[in-house]
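Pasting structure20.txt here (compact mmCIF, C-alpha atoms):
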```
# COMPACT_ATOMS: atom_id res chain seq x y z
CA MET C 5 93.31 -256.47 27.19
CA THR C 6 95.88 -258.77 25.59
CA LYS C 7 99.65 -258.81 25.60
CA GLU C 8 101.14 -256.20 23.32
CA LYS C 9 104.90 -255.92 23.68
CA GLY C 10 106.26 -252.44 24.12
CA ARG C 11 103.16 -250.76 25.57
CA ILE C 12 104.10 -248.14 28.15
CA PHE C 13 102.43 -248.37 31.57
CA SER C 14 102.26 -245.63 34.18
CA VAL C 15 101.04 -246.11 37.75
CA LEU C 16 99.14 -243.79 40.10
CA GLY C 17 99.06 -245.22 43.60
CA ASP C 18 99.67 -244.93 47.32
CA SER C 19 102.19 -246.64 49.65
CA ILE C 20 101.33 -250.14 48.41
CA SER C 21 102.67 -249.16 44.97
CA THR C 22 105.88 -247.42 46.10
CA PHE C 23 109.40 -248.82 45.70
CA ALA C 24 112.66 -247.02 46.44
CA GLY C 25 114.43 -245.91 43.29
CA TYR C 26 111.28 -246.09 41.16
CA THR C 27 108.79 -243.79 42.90
CA PRO C 28 109.17 -240.24 44.30
CA ALA C 29 111.87 -240.37 46.99
CA GLU C 30 110.02 -238.06 49.38
CA ALA C 31 107.15 -240.51 49.87
CA VAL C 32 108.42 -244.10 49.75
CA PHE C 33 107.05 -246.81 52.02
CA TYR C 34 109.05 -249.68 50.54
CA ASP C 35 112.45 -248.31 51.49
CA MET C 36 115.55 -250.39 52.23
CA TRP C 37 114.31 -251.51 55.67
CA THR C 38 110.73 -252.28 54.61
CA LYS C 39 111.88 -254.18 51.52
CA LYS C 40 113.75 -256.57 53.81
CA GLU C 41 110.82 -256.95 56.21
CA ALA C 42 108.40 -257.64 53.35
CA GLY C 43 110.73 -259.78 51.27
CA VAL C 44 110.12 -257.40 48.38
CA PHE C 45 113.69 -256.87 47.20
CA GLN C 46 113.37 -256.24 43.46
CA PRO C 47 110.89 -254.22 41.41
CA GLU C 48 109.86 -257.56 39.89
CA ASP C 49 108.50 -258.47 43.34
CA THR C 50 105.97 -255.60 43.28
CA TRP C 51 102.40 -256.12 42.11
CA TRP C 52 102.67 -253.43 39.43
CA MET C 53 105.87 -254.70 37.80
CA GLN C 54 104.44 -258.22 37.74
CA VAL C 55 101.38 -256.86 35.94
CA ILE C 56 103.44 -254.87 33.46
CA ASN C 57 105.75 -257.81 32.76
CA GLY C 58 102.78 -260.17 32.57
CA LEU C 59 101.28 -258.05 29.82
CA GLY C 60 104.57 -257.68 27.95
CA GLY C 61 104.81 -253.94 28.59
CA ALA C 62 107.38 -251.51 29.94
CA LEU C 63 107.26 -249.08 32.84
CA GLY C 64 106.86 -245.41 32.04
CA VAL C 65 106.36 -243.55 35.34
CA ASN C 66 105.24 -244.80 38.73
CA ASN C 67 103.96 -241.75 40.60
CA SER C 68 102.92 -243.39 43.85
CA TYR C 69 103.02 -241.56 47.19
CA ALA C 70 102.85 -243.18 50.61
CA GLY C 71 99.95 -241.82 52.63
CA SER C 72 98.22 -240.22 49.68
CA LEU C 73 94.44 -240.03 49.34
CA VAL C 74 92.32 -239.32 46.30
CA SER C 75 90.60 -236.65 48.41
CA GLY C 76 92.03 -233.76 50.37
CA HIS C 77 93.03 -231.06 47.88
CA MET C 78 96.72 -231.54 48.74
CA ALA C 79 99.80 -231.63 46.53
CA THR C 80 99.94 -235.38 47.12
CA SER C 81 96.25 -236.08 46.44
CA GLY C 82 95.25 -238.25 43.52
CA THR C 83 93.59 -235.20 41.96
CA ALA C 84 96.74 -233.04 42.16
CA GLY C 85 97.74 -231.72 38.77
CA GLN C 86 101.45 -232.26 39.31
CA ARG C 87 100.91 -235.94 40.08
CA LEU C 88 98.74 -236.49 37.03
CA THR C 89 101.01 -234.66 34.59
CA ALA C 90 103.98 -236.61 35.96
CA LEU C 91 102.44 -239.80 34.59
CA GLY C 92 103.41 -238.63 31.12
CA ALA C 93 106.93 -237.45 31.96
CA LYS C 94 108.44 -240.17 29.74
CA GLY C 95 105.85 -239.81 27.01
CA ASN C 96 102.13 -240.40 27.06
CA PRO C 97 101.46 -243.85 28.52
CA ASP C 98 99.49 -246.44 26.61
CA VAL C 99 98.03 -247.79 29.86
CA ILE C 100 97.50 -246.14 33.25
CA LEU C 101 97.01 -248.28 36.36
CA VAL C 102 95.14 -246.45 39.14
CA ALA C 103 95.44 -248.03 42.59
CA MET C 104 94.00 -245.36 44.86
CA GLY C 105 91.37 -245.24 47.58
CA MET C 106 92.85 -247.36 50.37
CA ASN C 107 93.81 -244.31 52.41
CA ASP C 108 90.44 -242.65 51.82
CA TRP C 109 88.89 -245.79 53.29
CA ALA C 110 91.43 -245.93 56.14
CA PHE C 111 90.80 -242.31 57.11
CA CYS C 112 87.03 -242.66 56.76
CA VAL C 113 86.66 -240.00 54.08
CA LEU C 114 82.94 -239.45 53.60
CA PRO C 115 81.71 -241.56 50.66
CA GLU C 116 80.11 -238.57 48.92
CA GLU C 117 83.42 -236.68 49.05
CA PHE C 118 85.32 -239.71 47.83
CA GLU C 119 82.92 -240.12 44.91
CA PHE C 120 83.25 -236.46 43.90
CA GLU C 121 87.06 -236.52 44.06
CA TYR C 122 87.45 -239.92 42.38
CA ARG C 123 85.29 -238.72 39.50
CA ARG C 124 87.34 -235.53 39.21
CA MET C 125 90.57 -237.55 39.21
CA LEU C 126 89.41 -239.82 36.38
CA GLN C 127 88.04 -236.93 34.34
CA ASP C 128 91.37 -235.10 34.63
CA ILE C 129 93.35 -238.21 33.67
CA LYS C 130 91.16 -238.71 30.61
CA GLN C 131 91.59 -235.09 29.61
CA LEU C 132 95.37 -235.29 29.93
CA TYR C 133 95.70 -238.70 28.25
CA PRO C 134 92.72 -239.17 25.90
CA GLU C 135 94.40 -242.05 24.04
CA SER C 136 95.44 -243.99 27.15
CA GLU C 137 93.70 -247.10 28.42
CA ILE C 138 92.84 -246.47 32.07
CA TRP C 139 92.35 -249.24 34.64
CA CYS C 140 91.07 -248.58 38.17
CA ALA C 141 91.26 -251.16 40.94
CA THR C 142 88.60 -251.72 43.56
CA LEU C 143 89.78 -252.33 47.12
CA LEU C 144 90.91 -255.60 48.65
CA ARG C 145 91.40 -256.48 52.32
CA GLY C 146 94.78 -257.56 53.62
CA PHE C 147 95.50 -259.96 56.47
CA ILE C 148 98.31 -260.47 58.95
CA ASP C 149 99.22 -263.72 60.68
CA ASP C 150 98.97 -264.18 64.44
CA SER C 151 102.72 -263.81 64.99
CA HIS C 152 102.43 -260.06 64.30
CA GLU C 153 100.85 -257.89 66.95
CA GLU C 154 101.06 -254.39 65.49
CA LEU C 155 98.50 -253.38 62.86
CA PHE C 156 98.99 -250.36 60.64
CA PHE C 157 95.51 -249.12 61.56
CA ASN C 158 92.28 -250.47 63.01
CA SER C 159 90.27 -251.46 59.98
CA ASP C 160 87.30 -252.37 62.18
CA GLY C 161 86.82 -248.67 62.84
CA CYS C 162 86.47 -247.83 59.15
CA ILE C 163 83.42 -247.44 56.95
CA SER C 164 82.75 -250.62 54.97
CA GLN C 165 85.34 -251.07 52.25
CA LYS C 166 82.58 -252.27 49.93
CA ILE C 167 81.12 -248.75 49.82
CA TYR C 168 84.34 -247.33 48.35
CA SER C 169 84.66 -250.18 45.85
CA ASP C 170 81.07 -249.62 44.74
CA ILE C 171 81.90 -245.95 44.17
CA ILE C 172 84.96 -246.87 42.10
CA ARG C 173 82.84 -249.19 39.94
CA LYS C 174 80.13 -246.56 39.50
CA VAL C 175 82.50 -243.70 38.62
CA ALA C 176 84.60 -245.86 36.30
CA GLU C 177 81.46 -246.82 34.36
CA GLU C 178 80.31 -243.20 34.17
CA THR C 179 83.68 -242.00 32.91
CA GLU C 180 84.09 -245.00 30.57
CA VAL C 181 87.30 -246.41 31.99
CA CYS C 182 88.13 -250.03 32.82
CA VAL C 183 87.79 -251.67 36.24
CA ALA C 184 90.17 -254.22 37.71
CA ASP C 185 87.60 -255.49 40.17
CA LEU C 186 89.87 -256.99 42.81
CA GLY C 187 87.23 -256.45 45.45
CA LYS C 188 84.80 -258.96 43.95
CA TYR C 189 87.05 -261.90 44.79
CA ALA C 190 86.62 -263.63 48.14
CA VAL C 191 90.33 -263.44 48.95
CA GLU C 192 92.65 -261.40 51.13
CA TYR C 193 96.31 -260.64 50.46
CA GLU C 194 99.13 -261.33 52.91
CA THR C 195 100.70 -258.27 54.55
CA ILE C 196 103.34 -257.18 57.04
CA ASP C 197 100.91 -255.00 59.01
CA GLY C 198 97.38 -255.62 57.80
CA VAL C 199 97.72 -253.23 54.86
CA HIS C 200 101.10 -253.37 53.10
CA PRO C 201 101.70 -256.58 51.14
CA ASN C 202 104.68 -258.81 51.60
CA LYS C 203 106.08 -260.74 48.65
CA SER C 204 103.24 -263.26 48.73
CA GLY C 205 100.66 -260.47 49.00
CA MET C 206 102.17 -258.67 46.03
CA LYS C 207 101.80 -261.86 44.00
CA THR C 208 98.14 -262.16 45.01
CA LEU C 209 97.43 -258.57 43.94
CA ALA C 210 99.25 -259.04 40.64
CA GLU C 211 97.40 -262.26 39.85
CA LEU C 212 94.02 -260.59 40.39
CA TRP C 213 94.98 -257.54 38.31
CA LEU C 214 96.10 -259.83 35.48
CA LYS C 215 92.98 -261.97 35.78
CA GLU C 216 90.90 -258.83 35.30
CA MET C 217 92.99 -257.35 32.49
CA GLN C 218 93.58 -260.43 30.34
```
As a first step, turn the structure in this file into structure tokens.
Amino acid sequence: MTKEKGRIFSVLGDSISTFAGYTPAEAVFYDMWTKKEAGVFQPEDTWWMQVINGLGGALGVNNSYAGSLVSGHMATSGTAGQRLTALGAKGNPDVILVAMGMNDWAFCVLPEEFEFEYRRMLQDIKQLYPESEIWCATLLRGFIDDSHEELFFNSDGCISQKIYSDIIRKVAEETEVCVADLGKYAVEYETIDGVHPNKSGMKTLAELWLKEMQ
């Protein structure tokens, strides 16, 4: 993918992709307090806006919900019809960035269930937006420095993250969408709690997305 000024990008994500004033107000992680803690003050500090700006595009809709899984058959799930149709609320996007699966990993959703639901999500997105270019990200581990004691969750108790990334690669190939394979790089991104990126972590995520998409 090369720069093409004016392309419209929509985002489907979880808490890592939220930002107050840009994503649904009922499910924002990066609110006023968290923005200050993370040093993520402007939308330009988020991974997704850095990617969009880096590719010369414009934001359409960011429909990211904190705590949302691909799985679960809930109104906030990545397969939920209302979330997917919302991606086109400002016109059909040229590019859709899908950053989902972290919470499925965190909550130890069974891999076979995750695979079924991830496939259904991509199939539904393709049906709704047949002309859109779809990019799915594999998962990347975050880290927290020793000065922080409280982790968002115990990642050591989770199923291997690699299993979920392998599923994303497999399903993306089957459904003929693009993969931003963040998980293949031997890096971790800096966070405020082991999961949610600070300003530096956002930059790391954006750089890997752009490396994959350019």
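If you look at atom CA of Ser204 of chain C and atom CA of Lys166 of chain C, they are 23.4 Å away from each other.
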Exercise for the section: Just give me the gap between atom CA of Leu214 of chain C and atom CA of Gln54 of chain C in Å, one decimal is fine. Expected result: 8.8 Å
Exercise for the section: Excluding Pro115 of chain C and residues on its chain fewer than 4 positions from it, collect all residues at most 8 Å away from it, counting all atoms listed in the file, and give them as a VMD selection string. Expected result: chain C and resid 119 167 to 168 171
Could you write those residues out with C-alpha atoms, as a PDB file, keeping the file's coordinate frame?
```pdb
ATOM      1  CA  GLU C 119      82.920-240.120  44.910  1.00  0.00           C
ATOM      2  CA  ILE C 167      81.120-248.750  49.820  1.00  0.00           C
ATOM      3  CA  TYR C 168      84.340-247.330  48.350  1.00  0.00           C
ATOM      4  CA  ILE C 171      81.900-245.950  44.170  1.00  0.00           C
TER       5      ILE C 171
END
```
Practice task
Identify which of the residues C:Val15, C:Leu73, C:Leu186, C:Ala210 lies closest to Asn107 of chain C, counting all atoms listed in the file when measuring atom-to-atom distances.
Solution key: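 Between C:Val15, C:Leu73, C:Leu186, C:Ala210, the residue approaching Asn107 of chain C most closely is C:Leu73.
You will find atom CA of Trp139 of chain C at 22.9 Å from atom CA of Phe33 of chain C.
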Exercise for the section: Compile the contact shell of Glu180 of chain C as an MDAnalysis selection string: residues with an atom at most 12 Å away, counting all atoms listed in the file, same-chain residues fewer than 3 positions apart removed. Expected result: chainID C and resid 123 126:127 129:130 134 136:140 172:177 183
Exercise for the section: Choose the residue, out of C:Gln46, C:Thr38, C:Ser164, C:Ser19, that has the smallest atom-to-atom separation from Met104 of chain C; count only C-alpha atoms. Expected result: C:Ser19
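Proximity ranking of C:Asp170, C:Asp98, C:Glu178, C:Glu135 relative to Phe118 of chain C places C:Asp170 first, based on all atoms listed in the file.
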Problem - Within 12 Å of Glu194 of chain C using all atoms listed in the file, minus same-chain residues under 5 positions, as JSON, numbers by chain - result: {"C": [42, 43, 144, 145, 146, 147, 148, 149, 150, 152, 199, 200, 201, 202, 203, 204, 205, 206, 207, 208, 209]}
Problem - Near-segment 22-32 of chain C list (10 Å; all atoms listed in the file; drop same-chain fewer than 5 positions) as a list in words - result: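 That gives Val15, Leu16, Gly17, Thr38, Lys39, Val44, Phe45, Gln46, Pro47, Asp49, Thr50, Trp52, Leu63, Val65, Asn66, Asn67, Ser68, Tyr69, Ala70, Gly71, Ser72 and Thr80 of chain C.
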Go ahead and save the residues from that selection, with C-alpha atoms, as a short mmCIF file (atom, residue, chain, number, x, y, z; two decimals), in the coordinates of the input.
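Below is the file out_19.cif, written as the result:
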```cif
data_model
loop_
_atom_site.label_atom_id
_atom_site.label_comp_id
_atom_site.auth_asym_id
_atom_site.auth_seq_id
_atom_site.Cartn_x
_atom_site.Cartn_y
_atom_site.Cartn_z
CA VAL C 15 101.04 -246.11 37.75
CA LEU C 16 99.14 -243.79 40.10
CA GLY C 17 99.06 -245.22 43.60
CA THR C 38 110.73 -252.28 54.61
CA LYS C 39 111.88 -254.18 51.52
CA VAL C 44 110.12 -257.40 48.38
CA PHE C 45 113.69 -256.87 47.20
CA GLN C 46 113.37 -256.24 43.46
CA PRO C 47 110.89 -254.22 41.41
CA ASP C 49 108.50 -258.47 43.34
CA THR C 50 105.97 -255.60 43.28
CA TRP C 52 102.67 -253.43 39.43
CA LEU C 63 107.26 -249.08 32.84
CA VAL C 65 106.36 -243.55 35.34
CA ASN C 66 105.24 -244.80 38.73
CA ASN C 67 103.96 -241.75 40.60
CA SER C 68 102.92 -243.39 43.85
CA TYR C 69 103.02 -241.56 47.19
CA ALA C 70 102.85 -243.18 50.61
CA GLY C 71 99.95 -241.82 52.63
CA SER C 72 98.22 -240.22 49.68
CA THR C 80 99.94 -235.38 47.12
#
```
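Candidate residues C:Asp35, C:Asp108, C:Asp18, C:Glu41 were compared for distance to Gln165 of chain C, and the nearest is C:Asp108, using only C-alpha atoms.
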Practice task
Identify which of the residues C:Met217, C:Leu212, C:Ala190, C:Leu132 lies closest to Leu91 of chain C, counting only C-alpha atoms when measuring atom-to-atom distances.
Solution key: C:Leu132
Practice task
Tell me which of C:Phe111, C:Leu88, C:Trp37, C:Glu116 sits closest to Tyr133 of chain C, counting all atoms listed in the file.
Solution key: C:Leu88
